[in-house]
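A.B. asks: The structure under discussion is supplied below as structure tokens; questions concerning it will follow.
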Amino acid sequence: MIVVKTINEVKQIVKQWRKEGKTIGFVPTMGYLHEGHQSLIKKARENDKVVVSIFLNPMQFGPSEDLASYPRDLERDKLKCSEAGADLIFAPDASEIYENNFQTFVDMHLLTEELCGLTRPCHFRGVCTVVTKLFNIVTPDKAYFGQKDAQQLAVIKRMVADLNMDIEIVGCPIIRENDGLAKSSRNTYLNDDERKAALVLSRSINKAKELIDNGQRDASVVISSMTEIINKEPLAKIDYIKAVALDTMQQIKFLNVPSLVAIAVYIGKTRLIDNLFYESK
């Protein structure tokens with residue numbers, strides 16, 4: 001496994017792989033990798049070569065968010081990548097990605113105006129910009145994103161289609177702890193009491209699944225039941241609980257189209273997300 005820090009090094013390696021007729025899978029990450037990231041890397045092994053980027057993108061963090069405290073451990077990340085079968089790690093500094101006087105951004109409307117985009121207004125401009133740059137650097141055949149970040153996955157798919165990028169975007173299932181908590185780098189922020197309290201997210205998602213599986217299609221009923229569960233946990237504070245259409249990320253009253261039930265909840269000071277996909281029949 002090769003580890004590089006510059007754009008030129010990545011391009012040279014990829015150029016050689018292309019000469020050899022190799023296909024390339026790409027997993028973009030912000031580092032502090034866990035089993036969820038490893039599941040993406042393992043899925044990407046369906047290609048001849050796998051590139052993982054480790055870049056904590058400052059552009060997608062707001063001024064009051066957790067950029068400074070976000071966990072970092074490159075040596076640990078190297079081990080996780082090696083275990084999962086990565087061929088190349090691209091771990092640039094911010095100055096390598098954003099040179100002086102950087103002025104070009106990739107922005108999107110509609111899909112970014114709800115859920116996380118509503119409460120984090122600069123977030124998806126940062127995501128779209130850095131992912132576009134990484135796609136241009138790595139030039140993958142396929143790129144892999146987790147379904148835990150469901151809105152991000154929808155935004156990236158729309159961006160690739162709108163900008164005619166010749167890349168297949170592959171969504172991969174949420175990886176959970178044994179007790180149901182969705183794996184996240186931010187779980188490391190939680191103390192013991194908060195870790196227990198965080199299970200309220202998966203409990204509410206399971207309740208939503210139960211209701212939907214039993215035929216409930218009224219989004220307000222599903223959301224009300226989830227809200228009741230989360231409000232019983234003293235350490236939890238709801239950011240949002242919403243049902244949205246998968247193609248627009250706009251709120252819906254009834255689950256009669258392909259839908260996403262998504263939640264963001266603060267456990268103490270830590271903001272966690274989870275979701276449930278529903279493909280209407």
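Quick note on naming: the chains in the structure tokens go A, B, ... in the order shown, residues restart at 1 in each chain, and ligands are numbered from 1 in order of appearance.
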Give me, as JSON, numbers by chain, all polymer residues having an atom no more than 10 Å from Thr6 (chain A), counting only C-alpha atoms and skipping those fewer than 3 positions away in the same chain.

C.D. replies: {"A": [3, 9, 10, 11, 90, 91, 92, 93, 96, 97]}

A.B. asks: Please give the complete set of residues from region 35-255 of chain A that DSSP, run on the backbone, assigns to helix (DSSP H, G or I), formatted as a ChimeraX atom specification.

C.D. replies: /A:35-44,58-60,74-84,94-97,116-119,123-138,147-162,185-189,192-197,199-213,219-231

A.B. asks: Report as a PyMOL selection string all protein, DNA and RNA residues lying within 10 Å of region 31-35 of chain A, evaluated on only C-alpha atoms, omitting residues in the same chain fewer than 6 positions from it.

C.D. replies: chain A and resi 41+52-56+70-81+84+91+175-177+183-186+188

A.B. asks: Go ahead and save the residues from that selection, with N, CA and C atoms, as an mmCIF file, in the first residue's frame.

C.D. replies:
data_model
loop_
_atom_site.group_PDB
_atom_site.id
_atom_site.type_symbol
_atom_site.label_atom_id
_atom_site.label_comp_id
_atom_site.auth_asym_id
_atom_site.auth_seq_id
_atom_site.Cartn_x
_atom_site.Cartn_y
_atom_site.Cartn_z
ATOM 1 N N ILE A 41 -14.273 0.223 1.634
ATOM 2 C CA ILE A 41 -13.027 -0.187 0.980
ATOM 3 C C ILE A 41 -13.143 -1.620 0.471
ATOM 4 N N VAL A 52 -8.041 5.460 -1.325
ATOM 5 C CA VAL A 52 -8.742 6.063 -0.196
ATOM 6 C C VAL A 52 -8.147 7.443 0.052
ATOM 7 N N SER A 53 -8.997 8.468 0.087
ATOM 8 C CA SER A 53 -8.496 9.784 0.480
ATOM 9 C C SER A 53 -8.808 10.010 1.952
ATOM 10 N N ILE A 54 -7.853 10.601 2.642
ATOM 11 C CA ILE A 54 -8.019 10.977 4.050
ATOM 12 C C ILE A 54 -7.771 12.474 4.128
ATOM 13 N N PHE A 55 -8.863 13.219 4.175
ATOM 14 C CA PHE A 55 -8.752 14.670 4.140
ATOM 15 C C PHE A 55 -9.878 15.276 4.963
ATOM 16 N N LEU A 56 -9.515 15.942 6.035
ATOM 17 C CA LEU A 56 -10.489 16.624 6.887
ATOM 18 C C LEU A 56 -10.778 17.977 6.258
ATOM 19 N N TYR A 70 -12.158 17.388 15.761
ATOM 20 C CA TYR A 70 -12.465 16.153 15.035
ATOM 21 C C TYR A 70 -11.281 15.196 15.176
ATOM 22 N N PRO A 71 -11.541 13.922 15.498
ATOM 23 C CA PRO A 71 -10.428 12.989 15.770
ATOM 24 C C PRO A 71 -9.537 12.765 14.550
ATOM 25 N N ARG A 72 -8.248 12.680 14.802
ATOM 26 C CA ARG A 72 -7.251 12.473 13.751
ATOM 27 C C ARG A 72 -6.243 11.436 14.210
ATOM 28 N N ASP A 73 -5.918 10.481 13.360
ATOM 29 C CA ASP A 73 -4.888 9.488 13.675
ATOM 30 C C ASP A 73 -4.500 8.788 12.377
ATOM 31 N N LEU A 74 -3.552 9.364 11.648
ATOM 32 C CA LEU A 74 -3.190 8.845 10.337
ATOM 33 C C LEU A 74 -2.589 7.450 10.420
ATOM 34 N N GLU A 75 -1.786 7.186 11.435
ATOM 35 C CA GLU A 75 -1.180 5.858 11.551
ATOM 36 C C GLU A 75 -2.252 4.795 11.746
ATOM 37 N N ARG A 76 -3.233 5.094 12.560
ATOM 38 C CA ARG A 76 -4.358 4.178 12.751
ATOM 39 C C ARG A 76 -5.128 4.002 11.450
ATOM 40 N N ASP A 77 -5.311 5.089 10.724
ATOM 41 C CA ASP A 77 -6.038 5.025 9.451
ATOM 42 C C ASP A 77 -5.288 4.163 8.428
ATOM 43 N N LYS A 78 -3.970 4.270 8.412
ATOM 44 C CA LYS A 78 -3.174 3.444 7.495
ATOM 45 C C LYS A 78 -3.418 1.960 7.763
ATOM 46 N N LEU A 79 -3.449 1.592 9.043
ATOM 47 C CA LEU A 79 -3.670 0.201 9.414
ATOM 48 C C LEU A 79 -5.057 -0.261 8.963
ATOM 49 N N LYS A 80 -6.070 0.577 9.190
ATOM 50 C CA LYS A 80 -7.440 0.231 8.790
ATOM 51 C C LYS A 80 -7.528 0.051 7.272
ATOM 52 N N CYS A 81 -6.877 0.924 6.534
ATOM 53 C CA CYS A 81 -6.880 0.823 5.071
ATOM 54 C C CYS A 81 -6.180 -0.441 4.598
ATOM 55 N N ALA A 84 -8.279 -3.519 5.120
ATOM 56 C CA ALA A 84 -9.442 -3.618 4.232
ATOM 57 C C ALA A 84 -9.059 -3.812 2.767
ATOM 58 N N ALA A 91 -3.411 11.474 1.362
ATOM 59 C CA ALA A 91 -3.612 12.193 2.620
ATOM 60 C C ALA A 91 -2.998 13.592 2.524
ATOM 61 N N ILE A 175 -23.252 0.515 8.704
ATOM 62 C CA ILE A 175 -22.629 -0.476 9.586
ATOM 63 C C ILE A 175 -22.870 -0.036 11.026
ATOM 64 N N ARG A 176 -23.358 -0.966 11.843
ATOM 65 C CA ARG A 176 -23.758 -0.620 13.203
ATOM 66 C C ARG A 176 -22.935 -1.395 14.237
ATOM 67 N N GLU A 177 -22.880 -0.822 15.434
ATOM 68 C CA GLU A 177 -22.330 -1.558 16.560
ATOM 69 C C GLU A 177 -23.281 -2.701 16.905
ATOM 70 N N LYS A 183 -22.182 3.311 13.292
ATOM 71 C CA LYS A 183 -20.776 3.643 13.489
ATOM 72 C C LYS A 183 -20.485 5.036 12.931
ATOM 73 N N SER A 184 -19.738 5.816 13.698
ATOM 74 C CA SER A 184 -19.384 7.183 13.318
ATOM 75 C C SER A 184 -18.103 7.573 14.029
ATOM 76 N N SER A 185 -17.269 8.344 13.345
ATOM 77 C CA SER A 185 -16.060 8.854 13.992
ATOM 78 C C SER A 185 -16.408 9.718 15.193
ATOM 79 N N ARG A 186 -17.573 10.364 15.159
ATOM 80 C CA ARG A 186 -17.991 11.243 16.260
ATOM 81 C C ARG A 186 -18.430 10.465 17.496
ATOM 82 N N THR A 188 -16.655 8.746 19.197
ATOM 83 C CA THR A 188 -15.544 8.840 20.147
ATOM 84 C C THR A 188 -15.706 10.014 21.108
#

A.B. asks: Which residues of region 90-119 of chain A sit at most 10 Å from region 151-172 of chain A, using only C-alpha atoms? Give each one's shortest atom pair and distance in Å (one decimal place), in chain and ascending residue order, as JSON lines.

C.D. replies:
{"residue": "A:Val106", "atom": "CA", "partner": "A:Met159", "partner_atom": "CA", "distance": 8.9}
{"residue": "A:Asp107", "atom": "CA", "partner": "A:Met159", "partner_atom": "CA", "distance": 9.0}
{"residue": "A:Met108", "atom": "CA", "partner": "A:Met159", "partner_atom": "CA", "distance": 7.8}
{"residue": "A:His109", "atom": "CA", "partner": "A:Val155", "partner_atom": "CA", "distance": 9.6}
{"residue": "A:Leu110", "atom": "CA", "partner": "A:Val155", "partner_atom": "CA", "distance": 9.6}
{"residue": "A:Leu111", "atom": "CA", "partner": "A:Val155", "partner_atom": "CA", "distance": 6.3}
{"residue": "A:Thr112", "atom": "CA", "partner": "A:Val155", "partner_atom": "CA", "distance": 7.1}
{"residue": "A:Glu114", "atom": "CA", "partner": "A:Gln151", "partner_atom": "CA", "distance": 8.9}
{"residue": "A:Leu115", "atom": "CA", "partner": "A:Gln151", "partner_atom": "CA", "distance": 7.7}
{"residue": "A:Cys116", "atom": "CA", "partner": "A:Gln151", "partner_atom": "CA", "distance": 7.6}
{"residue": "A:Gly117", "atom": "CA", "partner": "A:Gln151", "partner_atom": "CA", "distance": 8.6}

A.B. asks: With a distance cut-off of 7 Å and only C-alpha atoms, select the neighbouring residues of Val244 (chain A), excluding the residue or stretch itself and same-chain residues fewer than 2 positions from it, and output the selection as a PDB file with N, CA and C atoms, in the first residue's frame.

C.D. replies:
ATOM      1  N   LYS A 242     -37.398  14.007  10.116  1.00  0.00           N
ATOM      2  CA  LYS A 242     -38.181  14.343   8.933  1.00  0.00           C
ATOM      3  C   LYS A 242     -38.290  13.154   7.986  1.00  0.00           C
ATOM      4  N   LEU A 246     -36.756  10.755  -1.701  1.00  0.00           N
ATOM      5  CA  LEU A 246     -35.355  10.467  -2.014  1.00  0.00           C
ATOM      6  C   LEU A 246     -34.824  11.319  -3.160  1.00  0.00           C
ATOM      7  N   MET A 249     -35.158  15.353  -1.583  1.00  0.00           N
ATOM      8  CA  MET A 249     -34.858  15.646  -0.179  1.00  0.00           C
ATOM      9  C   MET A 249     -35.821  16.677   0.416  1.00  0.00           C
ATOM     10  N   GLN A 250     -37.014  16.799  -0.164  1.00  0.00           N
ATOM     11  CA  GLN A 250     -38.034  17.698   0.361  1.00  0.00           C
ATOM     12  C   GLN A 250     -39.048  16.902   1.174  1.00  0.00           C
ATOM     13  N   GLN A 251     -39.616  17.554   2.199  1.00  0.00           N
ATOM     14  CA  GLN A 251     -40.511  16.863   3.111  1.00  0.00           C
ATOM     15  C   GLN A 251     -41.773  16.372   2.400  1.00  0.00           C
ATOM     16  N   ILE A 252     -42.251  15.230   2.860  1.00  0.00           N
ATOM     17  CA  ILE A 252     -43.465  14.633   2.323  1.00  0.00           C
ATOM     18  C   ILE A 252     -44.420  14.318   3.468  1.00  0.00           C
ATOM     19  N   SER A 259     -38.563   6.988  -0.221  1.00  0.00           N
ATOM     20  CA  SER A 259     -38.482   7.960   0.859  1.00  0.00           C
ATOM     21  C   SER A 259     -37.297   7.700   1.780  1.00  0.00           C
ATOM     22  N   LEU A 260     -37.001   8.718   2.561  1.00  0.00           N
ATOM     23  CA  LEU A 260     -35.973   8.642   3.588  1.00  0.00           C
ATOM     24  C   LEU A 260     -36.553   9.225   4.865  1.00  0.00           C
ATOM     25  N   VAL A 261     -36.489   8.459   5.940  1.00  0.00           N
ATOM     26  CA  VAL A 261     -36.806   8.982   7.267  1.00  0.00           C
ATOM     27  C   VAL A 261     -35.465   9.235   7.951  1.00  0.00           C
TER      28      VAL A 261
END

A.B. asks: Residues within 10 Å of Glu46 (chain A), please, as a ChimeraX atom specification. Count only C-alpha atoms; anything in the same chain fewer than 6 positions from it doesn't count.

C.D. replies: /A:23-25,142

A.B. asks: Using CA of Ala143 (chain A) and CA of Val27 (chain A) as the two end points, give the distance in Å to one decimal.

C.D. replies: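 Spanning CA of Ala143 (chain A) to CA of Val27 (chain A) is a straight-line distance of 5.9 Å.
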
A.B. asks: If you run DSSP on this backbone, which residues of region 52-280 of chain A come out as strand (DSSP E), and could you give them as an NGL selection string?

C.D. replies: :A and (52-54 or 88-90 or 142-146 or 168-172 or 236-245 or 259-267 or 270-278)

A.B. asks: Show which residues sit within 10 Å of Asn191 (chain A), as a PyMOL selection string. Count only C-alpha atoms, and ignore same-chain residues fewer than 6 positions away.

C.D. replies: chain A and resi 197+267-268

A.B. asks: Please produce an output containing C-alpha atoms for each residue in the selection, written as a PDB file, in the first residue's frame.

C.D. replies:
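Just written: selection.pdb:
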ATOM      1  CA  ALA A 197     -28.161   7.529  25.639  1.00  0.00           C
ATOM      2  CA  ILE A 267     -26.370  13.637  22.611  1.00  0.00           C
ATOM      3  CA  GLY A 268     -24.805  16.126  24.964  1.00  0.00           C
TER       4      GLY A 268
END

A.B. asks: Could you state the separation of CA of Asp213 (chain A) and CA of Asp239 (chain A) in Å, given to one decimal place?

C.D. replies: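 About the pair CA of Asp213 (chain A) and CA of Asp239 (chain A): they are 25.3 Å apart.
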
A.B. asks: How many Å lie between CA of Val14 (chain A) and CA of Ile174 (chain A), rounded to one decimal?

C.D. replies: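 That distance, rounded to one decimal, is 29.2 Å.
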
A.B. asks: Find the spatial neighbours of region 58-69 of chain A, counting only C-alpha atoms, within a cut-off of 9 Å - ignore same-chain residues fewer than 3 positions away - and output them as a PyMOL selection string.

C.D. replies: chain A and resi 55+72+94+120-127+129-130
